[in-house]
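Have a look at model.txt; it's compact mmCIF, C-alpha atoms and all ligand atoms:
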```txt
# COMPACT_ATOMS: atom_id res chain seq x y z
CA MET A 1 0.00 0.00 0.00
CA ILE A 2 1.40 3.37 -0.98
CA GLN A 3 1.53 5.89 1.83
CA PRO A 4 0.86 9.55 1.07
CA PRO A 5 3.84 11.90 1.43
CA ARG A 6 4.40 13.00 5.02
CA ALA A 7 4.02 16.66 4.28
CA THR A 8 2.35 18.56 1.50
CA ARG A 9 5.09 19.72 -0.82
CA THR A 10 4.60 22.93 -2.67
CA THR A 11 6.92 24.95 -4.80
CA PRO A 12 7.48 28.38 -3.32
CA SER A 13 7.88 30.05 -6.71
CA SER A 14 4.58 28.67 -7.95
CA PRO A 15 1.29 30.31 -7.04
CA GLU A 16 -1.26 27.95 -5.54
CA GLY A 17 -2.86 25.67 -8.11
CA ILE A 18 -0.41 26.31 -10.95
CA PRO A 19 1.79 23.30 -11.62
CA ALA A 20 5.47 24.23 -11.54
CA ARG A 21 6.54 20.87 -12.95
CA ILE A 22 5.74 19.11 -16.19
CA LEU A 23 6.38 15.37 -16.02
CA LEU A 24 6.63 13.56 -19.33
CA PHE A 25 6.38 9.80 -19.19
CA ASP A 26 7.54 7.45 -21.89
CA LEU A 27 5.14 4.56 -22.47
CA ASP A 28 6.64 1.19 -23.51
CA GLY A 29 8.93 -0.17 -20.82
CA THR A 30 8.14 2.75 -18.53
CA LEU A 31 4.40 2.53 -17.89
CA VAL A 32 3.47 -0.78 -19.50
CA LEU A 33 4.91 -3.70 -21.43
CA THR A 34 2.63 -4.87 -24.22
CA GLY A 35 4.32 -8.22 -24.74
CA GLY A 36 5.31 -7.48 -28.32
CA ALA A 37 1.86 -6.33 -29.44
CA GLY A 38 3.30 -3.38 -31.33
CA VAL A 39 5.79 -5.48 -33.29
CA ARG A 40 3.12 -8.03 -34.17
CA ALA A 41 0.71 -5.32 -35.32
CA LEU A 42 3.37 -3.73 -37.50
CA ASP A 43 4.36 -7.13 -38.93
CA ARG A 44 0.74 -7.79 -39.90
CA ALA A 45 0.42 -4.35 -41.49
CA PHE A 46 3.51 -4.92 -43.68
CA GLN A 47 2.40 -8.45 -44.53
CA ASP A 48 -1.00 -7.15 -45.67
CA LEU A 49 0.22 -4.18 -47.64
CA TYR A 50 3.49 -5.47 -49.14
CA GLY A 51 3.59 -9.21 -48.52
CA LEU A 52 6.66 -8.64 -46.34
CA LYS A 53 7.10 -11.19 -43.54
CA ASP A 54 8.56 -10.40 -40.11
CA ALA A 55 8.99 -6.76 -41.06
CA GLY A 56 10.02 -5.75 -37.56
CA ARG A 57 12.68 -8.42 -37.15
CA SER A 58 16.15 -7.00 -36.45
CA VAL A 59 14.81 -3.46 -36.45
CA PRO A 60 15.43 -1.55 -33.19
CA PHE A 61 12.17 -0.43 -31.58
CA ALA A 62 13.11 0.69 -28.07
CA GLY A 63 12.88 4.43 -27.51
CA ARG A 64 12.19 5.20 -31.17
CA THR A 65 9.26 6.84 -32.90
CA ASP A 66 6.81 4.74 -34.89
CA LEU A 67 7.56 6.71 -38.02
CA GLY A 68 11.30 6.20 -37.57
CA ILE A 69 10.75 2.45 -37.27
CA ILE A 70 8.45 2.39 -40.30
CA ARG A 71 10.99 4.37 -42.32
CA ASP A 72 13.74 1.87 -41.41
CA ILE A 73 11.63 -1.04 -42.60
CA VAL A 74 10.51 0.62 -45.84
CA GLU A 75 13.99 1.84 -46.73
CA GLY A 76 15.91 -1.17 -45.42
CA LYS A 77 13.64 -4.03 -46.44
CA LEU A 78 11.42 -2.69 -49.22
CA ARG A 79 14.39 -0.72 -50.57
CA ARG A 80 12.53 2.46 -51.39
CA PRO A 81 12.02 5.88 -49.86
CA LEU A 82 9.07 6.27 -47.52
CA ALA A 83 6.29 8.10 -49.36
CA ALA A 84 3.65 9.98 -47.36
CA GLU A 85 0.84 7.80 -48.71
CA ASP A 86 2.72 4.63 -47.73
CA ALA A 87 3.29 5.97 -44.22
CA ALA A 88 -0.41 6.81 -43.89
CA ALA A 89 -1.50 3.37 -45.12
CA ILE A 90 0.94 1.56 -42.83
CA CYS A 91 -0.07 3.60 -39.78
CA GLU A 92 -3.75 3.02 -40.47
CA ARG A 93 -3.31 -0.74 -40.82
CA TYR A 94 -0.96 -0.89 -37.84
CA LEU A 95 -3.48 0.84 -35.57
CA HIS A 96 -6.21 -1.51 -36.76
CA TYR A 97 -4.18 -4.55 -35.74
CA LEU A 98 -2.74 -2.95 -32.62
CA GLU A 99 -6.10 -2.85 -30.92
CA GLU A 100 -6.51 -6.59 -31.41
CA GLU A 101 -2.90 -7.44 -30.49
CA VAL A 102 -2.94 -5.41 -27.28
CA GLU A 103 -6.25 -6.90 -26.26
CA ARG A 104 -5.11 -10.47 -26.69
CA SER A 105 -1.48 -10.12 -25.59
CA ALA A 106 -0.90 -12.75 -22.89
CA THR A 107 2.10 -10.93 -21.45
CA TYR A 108 0.73 -7.39 -21.39
CA ARG A 109 1.38 -5.84 -18.01
CA VAL A 110 1.47 -2.59 -16.14
CA LEU A 111 4.91 -1.99 -14.67
CA PRO A 112 5.36 -2.15 -10.89
CA GLY A 113 4.27 0.89 -8.91
CA VAL A 114 2.91 2.77 -11.91
CA PRO A 115 -0.81 3.18 -11.02
CA ALA A 116 -0.04 4.15 -7.42
CA LEU A 117 2.61 6.68 -8.48
CA LEU A 118 0.38 8.21 -11.16
CA THR A 119 -2.49 8.51 -8.67
CA LEU A 120 -0.19 10.20 -6.17
CA LEU A 121 1.26 12.62 -8.74
CA THR A 122 -2.17 13.49 -10.09
CA SER A 123 -3.22 14.53 -6.59
CA ARG A 124 -0.41 17.08 -6.40
CA PRO A 125 -1.31 20.53 -7.73
CA ASP A 126 2.34 21.25 -8.55
CA CYS A 127 2.65 18.42 -11.09
CA LEU A 128 1.27 18.30 -14.61
CA LEU A 129 1.44 14.82 -16.12
CA GLY A 130 1.89 14.17 -19.81
CA LEU A 131 3.20 11.56 -22.21
CA GLY A 132 6.43 11.78 -24.16
CA THR A 133 6.37 8.77 -26.43
CA GLY A 134 7.35 7.71 -29.92
CA ASN A 135 4.02 5.95 -30.31
CA LEU A 136 1.45 7.47 -32.64
CA GLU A 137 -1.07 9.11 -30.31
CA ALA A 138 -3.82 6.67 -31.28
CA GLY A 139 -1.44 3.78 -30.64
CA ALA A 140 -0.42 5.17 -27.25
CA ARG A 141 -4.05 5.49 -26.28
CA ILE A 142 -4.75 1.88 -27.34
CA LYS A 143 -1.78 0.60 -25.33
CA LEU A 144 -2.81 2.51 -22.19
CA ALA A 145 -6.54 1.80 -22.47
CA ARG A 146 -6.24 -1.85 -21.53
CA ALA A 147 -4.94 -0.83 -18.08
CA ASP A 148 -7.17 2.26 -17.85
CA LEU A 149 -4.14 4.56 -17.68
CA ASN A 150 -5.29 7.17 -20.22
CA ARG A 151 -7.13 9.08 -17.49
CA TYR A 152 -3.80 10.24 -16.05
CA PHE A 153 -2.62 11.87 -19.25
CA THR A 154 -4.59 14.70 -20.80
CA PHE A 155 -1.81 15.69 -23.17
CA GLY A 156 1.53 14.61 -24.51
CA GLY A 157 3.96 14.54 -27.38
CA PHE A 158 3.67 11.58 -29.72
CA GLY A 159 5.21 9.85 -32.70
CA SER A 160 2.36 11.32 -34.72
CA ASP A 161 3.72 14.80 -33.96
CA ALA A 162 7.25 14.24 -35.21
CA GLU A 163 9.68 11.55 -36.27
CA ASP A 164 12.44 13.00 -34.14
CA ARG A 165 12.27 12.17 -30.45
CA VAL A 166 13.43 15.63 -29.30
CA GLU A 167 10.67 17.24 -31.39
CA VAL A 168 8.16 14.85 -29.82
CA LEU A 169 9.17 16.08 -26.37
CA ARG A 170 9.15 19.68 -27.54
CA CYS A 171 5.52 19.24 -28.65
CA ALA A 172 4.66 17.76 -25.26
CA VAL A 173 6.27 20.65 -23.40
CA ALA A 174 4.49 23.21 -25.61
CA ARG A 175 1.14 21.59 -24.81
CA GLY A 176 1.93 21.44 -21.13
CA GLU A 177 3.01 25.07 -21.10
CA ALA A 178 -0.20 26.07 -22.92
CA ARG A 179 -2.17 24.48 -20.09
CA ARG A 180 -0.07 26.25 -17.49
CA ALA A 181 -0.45 29.58 -19.29
CA HIS A 182 -4.20 29.03 -19.28
CA SER A 183 -3.98 28.65 -15.48
CA GLY A 184 -2.09 31.95 -15.26
CA ALA A 185 1.48 30.69 -14.95
CA ASP A 186 4.26 33.04 -15.84
CA GLY A 187 7.65 31.57 -16.59
CA PRO A 188 8.43 28.07 -17.75
CA ALA A 189 7.93 24.88 -15.76
CA ARG A 190 10.66 22.53 -14.67
CA VAL A 191 10.42 19.60 -17.06
CA PHE A 192 11.14 15.99 -16.13
CA VAL A 193 11.46 13.25 -18.73
CA ILE A 194 10.93 9.74 -17.41
CA GLY A 195 11.86 6.84 -19.67
CA ASP A 196 13.47 3.44 -20.00
CA THR A 197 16.00 3.93 -22.80
CA PRO A 198 19.14 5.98 -23.49
CA LEU A 199 17.13 7.75 -26.21
CA ASP A 200 14.72 9.08 -23.58
CA VAL A 201 17.69 10.36 -21.59
CA GLU A 202 19.41 11.92 -24.61
CA SER A 203 16.30 13.60 -25.96
CA GLY A 204 15.29 14.85 -22.52
CA ARG A 205 18.74 16.29 -21.99
CA ALA A 206 18.70 17.92 -25.45
CA LEU A 207 15.57 19.71 -24.34
CA GLY A 208 17.12 20.88 -21.09
CA ALA A 209 14.85 18.63 -19.02
CA LEU A 210 15.82 16.67 -15.93
CA THR A 211 15.99 13.02 -16.89
CA VAL A 212 14.84 10.05 -14.84
CA ALA A 213 15.81 6.68 -16.29
CA VAL A 214 13.90 3.64 -15.09
CA ALA A 215 15.29 0.16 -15.71
CA THR A 216 12.01 -1.64 -16.32
CA GLY A 217 12.29 -1.94 -20.08
CA VAL A 218 14.69 -3.81 -22.33
CA VAL A 219 17.75 -1.74 -21.40
CA SER A 220 19.88 -2.71 -18.40
CA ALA A 221 20.53 -0.34 -15.52
CA GLU A 222 24.23 -0.35 -16.50
CA ALA A 223 23.49 0.75 -20.04
CA LEU A 224 21.13 3.43 -18.77
CA GLU A 225 23.78 4.64 -16.36
CA ARG A 226 26.17 5.14 -19.27
CA ALA A 227 23.64 7.46 -20.89
CA GLY A 228 24.13 9.77 -17.89
CA PRO A 229 20.59 10.38 -16.62
CA ASP A 230 20.13 12.82 -13.75
CA HIS A 231 18.52 9.98 -11.82
CA LEU A 232 18.35 6.23 -12.30
CA LEU A 233 15.67 4.07 -10.71
CA ALA A 234 15.27 0.30 -10.76
CA ASP A 235 11.51 0.77 -11.06
CA LEU A 236 8.73 3.13 -10.00
CA THR A 237 7.72 1.35 -6.80
CA ASP A 238 9.12 3.92 -4.36
CA PRO A 239 7.03 7.10 -4.46
CA GLU A 240 9.06 8.78 -1.72
CA THR A 241 12.23 8.52 -3.79
CA PHE A 242 10.39 9.82 -6.83
CA LEU A 243 9.01 12.80 -4.90
CA ARG A 244 12.47 13.58 -3.58
CA ILE A 245 13.72 13.73 -7.17
CA LEU A 246 10.96 16.18 -8.06
CA ASP A 247 11.74 18.35 -5.09
CA GLY A 248 15.53 18.05 -5.45
MG MG B 1 10.26 3.08 -23.77
```
What's the structure tokens form of this structure?
Amino acid sequence: MIQPPRATRTTPSSPEGIPARILLFDLDGTLVLTGGAGVRALDRAFQDLYGLKDAGRSVPFAGRTDLGIIRDIVEGKLRRPLAAEDAAAICERYLHYLEEEVERSATYRVLPGVPALLTLLTSRPDCLLGLGTGNLEAGARIKLARADLNRYFTFGGFGSDAEDRVEVLRCAVARGEARRAHSGADGPARVFVIGDTPLDVESGRALGALTVAVATGVVSAEALERAGPDHLLADLTDPETFLRILDG
């Protein structure tokens, strides 16, 4: 059972009710593991459209945007440039299959501590929660829906916003800042990027965010350490540690 923090933490520089922190969570390997549903959905899309088998095999997925992955497959395996109409057709077919694959994935799971931490953070007026993920937004929503996690994230940056991971995060920050501005904030928030791959760390750092690496995905803690995150956690099961990072 998660205990509430001992004292209410507020940020002195932030007027009451205006979140001073934007927290951007990666999805795969950070919030949930889909048990390969995304790869299977993409494989089926390429099989349907181009007769290509095992399209995702030997293509790196972790930490990348959907469009970047699709481009690799089209250029590397179909040996042609990625045309906009191809990308649209692949994404459409992928999302169609993703719903089915996520639903029936036997090894789908929410990562340890995630619902309790998200509930705790949502209760804090100084934190604004968003997504920073390479998934197409519709795909992210499908992946989170099975565990009813969409309710924690009213905005984000997605693979449907940009192919480049830094741009994805920039979109998320812009949306978060628009919400803060609407609440009357002046001055930018402190941004935290939470993710399970060196790419999350690198893109967060490129944006000037504080980076929190969490070793619950496919990348080892040692490899994450080498990426030089501001903080490295084994998982998200200790809310007190996480709150200390936010307040640090
Ligand atoms: Mg990830």
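Across A:Ala41, A:Val201, A:Cys171, A:Ala206, the tightest approach to ligand MG 1 (chain B) is made by A:Val201 when counting only C-alpha atoms and all ligand atoms.
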May I ask you to write as a PDB file with C-alpha atoms, in the frame of the given file all residues lying at most 6 Å from ligand MG 1 (chain B), with all atoms listed in the file counted?
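Produced file selection.pdb, reproduced below:
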```
ATOM      1  CA  ASP A  26       7.540   7.450 -21.890  1.00  0.00           C
ATOM      2  CA  LEU A  27       5.140   4.560 -22.470  1.00  0.00           C
ATOM      3  CA  ASP A  28       6.640   1.190 -23.510  1.00  0.00           C
ATOM      4  CA  GLY A  29       8.930  -0.170 -20.820  1.00  0.00           C
ATOM      5  CA  THR A  30       8.140   2.750 -18.530  1.00  0.00           C
ATOM      6  CA  ALA A  62      13.110   0.690 -28.070  1.00  0.00           C
ATOM      7  CA  GLY A  63      12.880   4.430 -27.510  1.00  0.00           C
ATOM      8  CA  GLY A 195      11.860   6.840 -19.670  1.00  0.00           C
ATOM      9  CA  ASP A 196      13.470   3.440 -20.000  1.00  0.00           C
ATOM     10  CA  THR A 197      16.000   3.930 -22.800  1.00  0.00           C
TER      11      THR A 197
END
```
Length of the atom CA of Ala227 of chain A to atom CA of Glu202 of chain A vector [Å]: 7.2 Å
Selected residue of minimal separation from Arg109 of chain A among A:Gly130, A:Pro229, A:Pro81, A:Gly35, counting only C-alpha atoms: A:Gly35
One-decimal distance in Å that lies between atom CA of Leu24 of chain A and atom CA of Thr65 of chain A: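 Between atom CA of Thr65 of chain A and atom CA of Leu24 of chain A the gap works out to 15.4 Å.
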Contacts of segment 154-164 of chain A within 9 Å, all atoms listed in the file, excl. fewer than 2 positions in-chain, as a count of residues only: 32
Residues within 6 Å of (3.1, 27.6, -12.3), file coords, all atoms listed in the file, listed as JSON, numbers by chain: {"A": [14, 18, 19, 20, 185]}
Length of the atom CA of Glu240 of chain A to atom CA of Thr119 of chain A vector [Å]: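 Those two atoms sit 13.5 Å apart.
Closest to Val214 of chain A among A:Gly36, A:Gly113, A:Gly248, A:Gly51 is A:Gly113, based on all atoms listed in the file.
Each of A:Leu207, A:Leu246, A:Leu144, A:Ala178 was compared to Glu99 of chain A using only C-alpha atoms, and A:Leu144 turns out to be the nearest.
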Who sits within 12 Å of segment 101-105 of chain A, only C-alpha atoms, same chain under 4 positions skipped, as a ChimeraX atom specification: /A:32-45,94-97,109,139-147
Residue among A:Gly184, A:Pro239, A:Gly56, A:Gly228 lying closest to Ser203 of chain A, counting all atoms listed in the file: A:Gly228
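Between Thr237 of chain A and the residues A:Arg79, A:Leu111, A:Ser58, A:Gln47, the shortest atom-to-atom distance, using only C-alpha atoms, involves A:Leu111.
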Ala89 of chain A surroundings by all atoms listed in the file, 10 Å radius, close-in-sequence under 3 positions cut, as a PyMOL selection string: chain A and resi 45-46+49+84-86+92-94
